[in-house]
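K.L.:
The structure follows.
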Amino acid sequence: MVGQLDLIPVGAIPPGLLDSLVASLPNPLAIPCRLSDMCIDPAAAYDTSRGQYDSHLLLPPLEELAKTKGSRVLGITDVDIFSSVFTFVFGVARFRGVAAIISLHRLRTSFYGLPEDAKILVSRAQREAVHEVGHLLGFTHCQNRNCVMSFSAAAEEIDLKSDRFCALCRANQHDERGRPSLHS
């Protein structure tokens, strides 16, 4: 199914955070992860009228890299991203696609006027990464608020959920050929 997940910085990212994600993501995803030596500049996706970056303009260059690398990719950015449906998003992915992106911007405690907390940032980034890669793997949003696949409209909701797929999601997950793809 998925042989590898490449993490690709989209703009400047704290190196320690990327290393933490590379180390922590293989366990809940059951996929080996590696940090790419490539980086994408998000400038072309900047929307001057909003002062944010269009997440759907960031996906095509990631998809091109995925095709080149022969793997799925997860872009990580520190810029504020939006979609045509939401004023901001923590991340986006094309369902059963090859690329996803998460933004650290609104995952930071400092965004909400609190002191910066690197531990919370890593925890939130891991959950959002698993969530978006889950969409690449064919997971839909889950009604179980503890499941990593539950929809989060606020950072506090991310804090309340697990970094794992719930039992129902795992039981319903199948690969592109219809075979079970995750093991409990």
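Numbering starts fresh at 1 for the residues of each chain in the structure tokens, the chains themselves are lettered A, B, ... in the order given, and ligands are numbered from 1 as they appear.
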Give me, as CSV, each residue of region 114-164 of chain A that comes within 9 Å of region 9-23 of chain A, together with its shortest interatomic pair and the distance in Å at one decimal, counting only C-alpha atoms, with rows ordered by chain and rising residue number.
P.N.:
```
residue,atom,partner,partner_atom,distance
A:Ala118,CA,A:Leu17,CA,8.4
A:Leu121,CA,A:Leu17,CA,8.4
A:Val122,CA,A:Leu17,CA,6.3
A:Ala125,CA,A:Leu21,CA,7.8
A:Gln126,CA,A:Leu21,CA,6.2
A:Ala129,CA,A:Leu21,CA,8.3
```
K.L.:
What lies within 12 Å of Glu64 (chain A) using only C-alpha atoms, ignoring chain neighbours under 6 positions off, as a ChimeraX atom specification?
P.N.:
/A:40,58,70-73,97-100
K.L.:
Restricting it to N, CA and C atoms, dump the selection as a CSV table (one decimal), in the first residue's frame.
P.N.:
```csv
chain,number,residue,atom,x,y,z
A,40,ILE,N,9.9,23.3,-0.1
A,40,ILE,CA,9.0,24.1,-1.1
A,40,ILE,C,8.8,25.5,-0.5
A,58,LEU,N,-0.9,24.8,-2.4
A,58,LEU,CA,0.3,24.2,-1.9
A,58,LEU,C,0.4,22.7,-2.2
A,70,GLY,N,8.0,8.6,-5.6
A,70,GLY,CA,7.4,7.3,-5.6
A,70,GLY,C,6.8,7.0,-4.2
A,71,SER,N,6.5,8.0,-3.4
A,71,SER,CA,5.9,7.8,-2.1
A,71,SER,C,4.8,8.8,-1.9
A,72,ARG,N,4.2,8.8,-0.7
A,72,ARG,CA,3.3,9.8,-0.3
A,72,ARG,C,4.1,10.8,0.5
A,73,VAL,N,3.6,12.1,0.5
A,73,VAL,CA,4.3,13.2,1.1
A,73,VAL,C,3.4,14.0,2.0
A,97,GLY,N,-5.2,10.4,-1.8
A,97,GLY,CA,-4.2,11.0,-2.7
A,97,GLY,C,-2.8,10.7,-2.3
A,98,VAL,N,-1.9,11.5,-2.8
A,98,VAL,CA,-0.5,11.2,-2.5
A,98,VAL,C,0.2,12.3,-1.7
A,99,ALA,N,-0.6,13.4,-1.4
A,99,ALA,CA,0.0,14.5,-0.7
A,99,ALA,C,-1.0,15.2,0.3
A,100,ALA,N,-0.4,15.6,1.4
A,100,ALA,CA,-1.2,16.4,2.4
A,100,ALA,C,-0.3,17.5,2.9
```
K.L.:
Using backbone DSSP assignments, extract all alpha helix (DSSP H) residues from chain A; output them as a PyMOL selection string.
P.N.:
chain A and resi 15-24+26-29+55-69+118-136+155-160+167-172
K.L.:
Tell me which protein, DNA and RNA residues are within 7 Å of region 76-81 of chain A, counting only C-alpha atoms, leaving out same-chain ones fewer than 3 positions away, and put them as a short mmCIF file (atom, residue, chain, number, x, y, z; two decimals) with C-alpha atoms, in the first residue's frame.
P.N.:
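Result written to out01.cif:
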```cif
data_model
loop_
_atom_site.label_atom_id
_atom_site.label_comp_id
_atom_site.auth_asym_id
_atom_site.auth_seq_id
_atom_site.Cartn_x
_atom_site.Cartn_y
_atom_site.Cartn_z
CA ILE A 8 8.75 18.00 3.28
CA PRO A 9 9.22 21.45 4.80
CA VAL A 10 7.14 24.14 3.13
CA GLY A 11 9.09 27.22 4.15
CA ILE A 13 10.33 24.88 10.02
CA GLN A 52 -2.94 33.84 4.30
CA TYR A 53 -1.79 31.02 2.04
CA ASP A 54 -4.18 28.95 -0.10
CA SER A 55 -3.75 25.34 1.01
CA PHE A 88 -8.38 28.64 8.19
CA VAL A 89 -7.38 24.99 8.27
CA ILE A 101 -0.08 19.48 4.28
CA ILE A 102 -0.36 20.65 7.88
CA SER A 103 0.21 24.14 9.25
CA LEU A 104 1.88 24.82 12.58
CA HIS A 105 0.67 28.43 12.61
#
```
K.L.:
Show me, as a tab-separated table, the residues of region 10-55 of chain A having an atom within 10 Å of region 141-165 of chain A, each with the closest atom pair and its distance in Å, using only C-alpha atoms.
P.N.:
```
residue	atom	partner	partner_atom	distance
A:Leu25	CA	A:Asp163	CA	9.3
A:Asn27	CA	A:Arg164	CA	9.1
A:Pro28	CA	A:Arg164	CA	5.6
A:Leu29	CA	A:Arg164	CA	8.2
```
K.L.:
Keeping only C-alpha atoms, write those residues as a tab-separated table (two decimals), in the first residue's frame.
P.N.:
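Now in result09.tsv:
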```tsv
chain	number	residue	atom	x	y	z
A	25	LEU	CA	4.70	9.11	13.09
A	27	ASN	CA	4.02	4.08	15.20
A	28	PRO	CA	0.41	5.28	14.74
A	29	LEU	CA	0.63	5.19	10.93
```
K.L.:
A:Phe111, A:Phe139, A:Tyr46, A:Phe90: which is nearest Arg124 (chain A), counting only C-alpha atoms?
P.N.:
A:Phe90
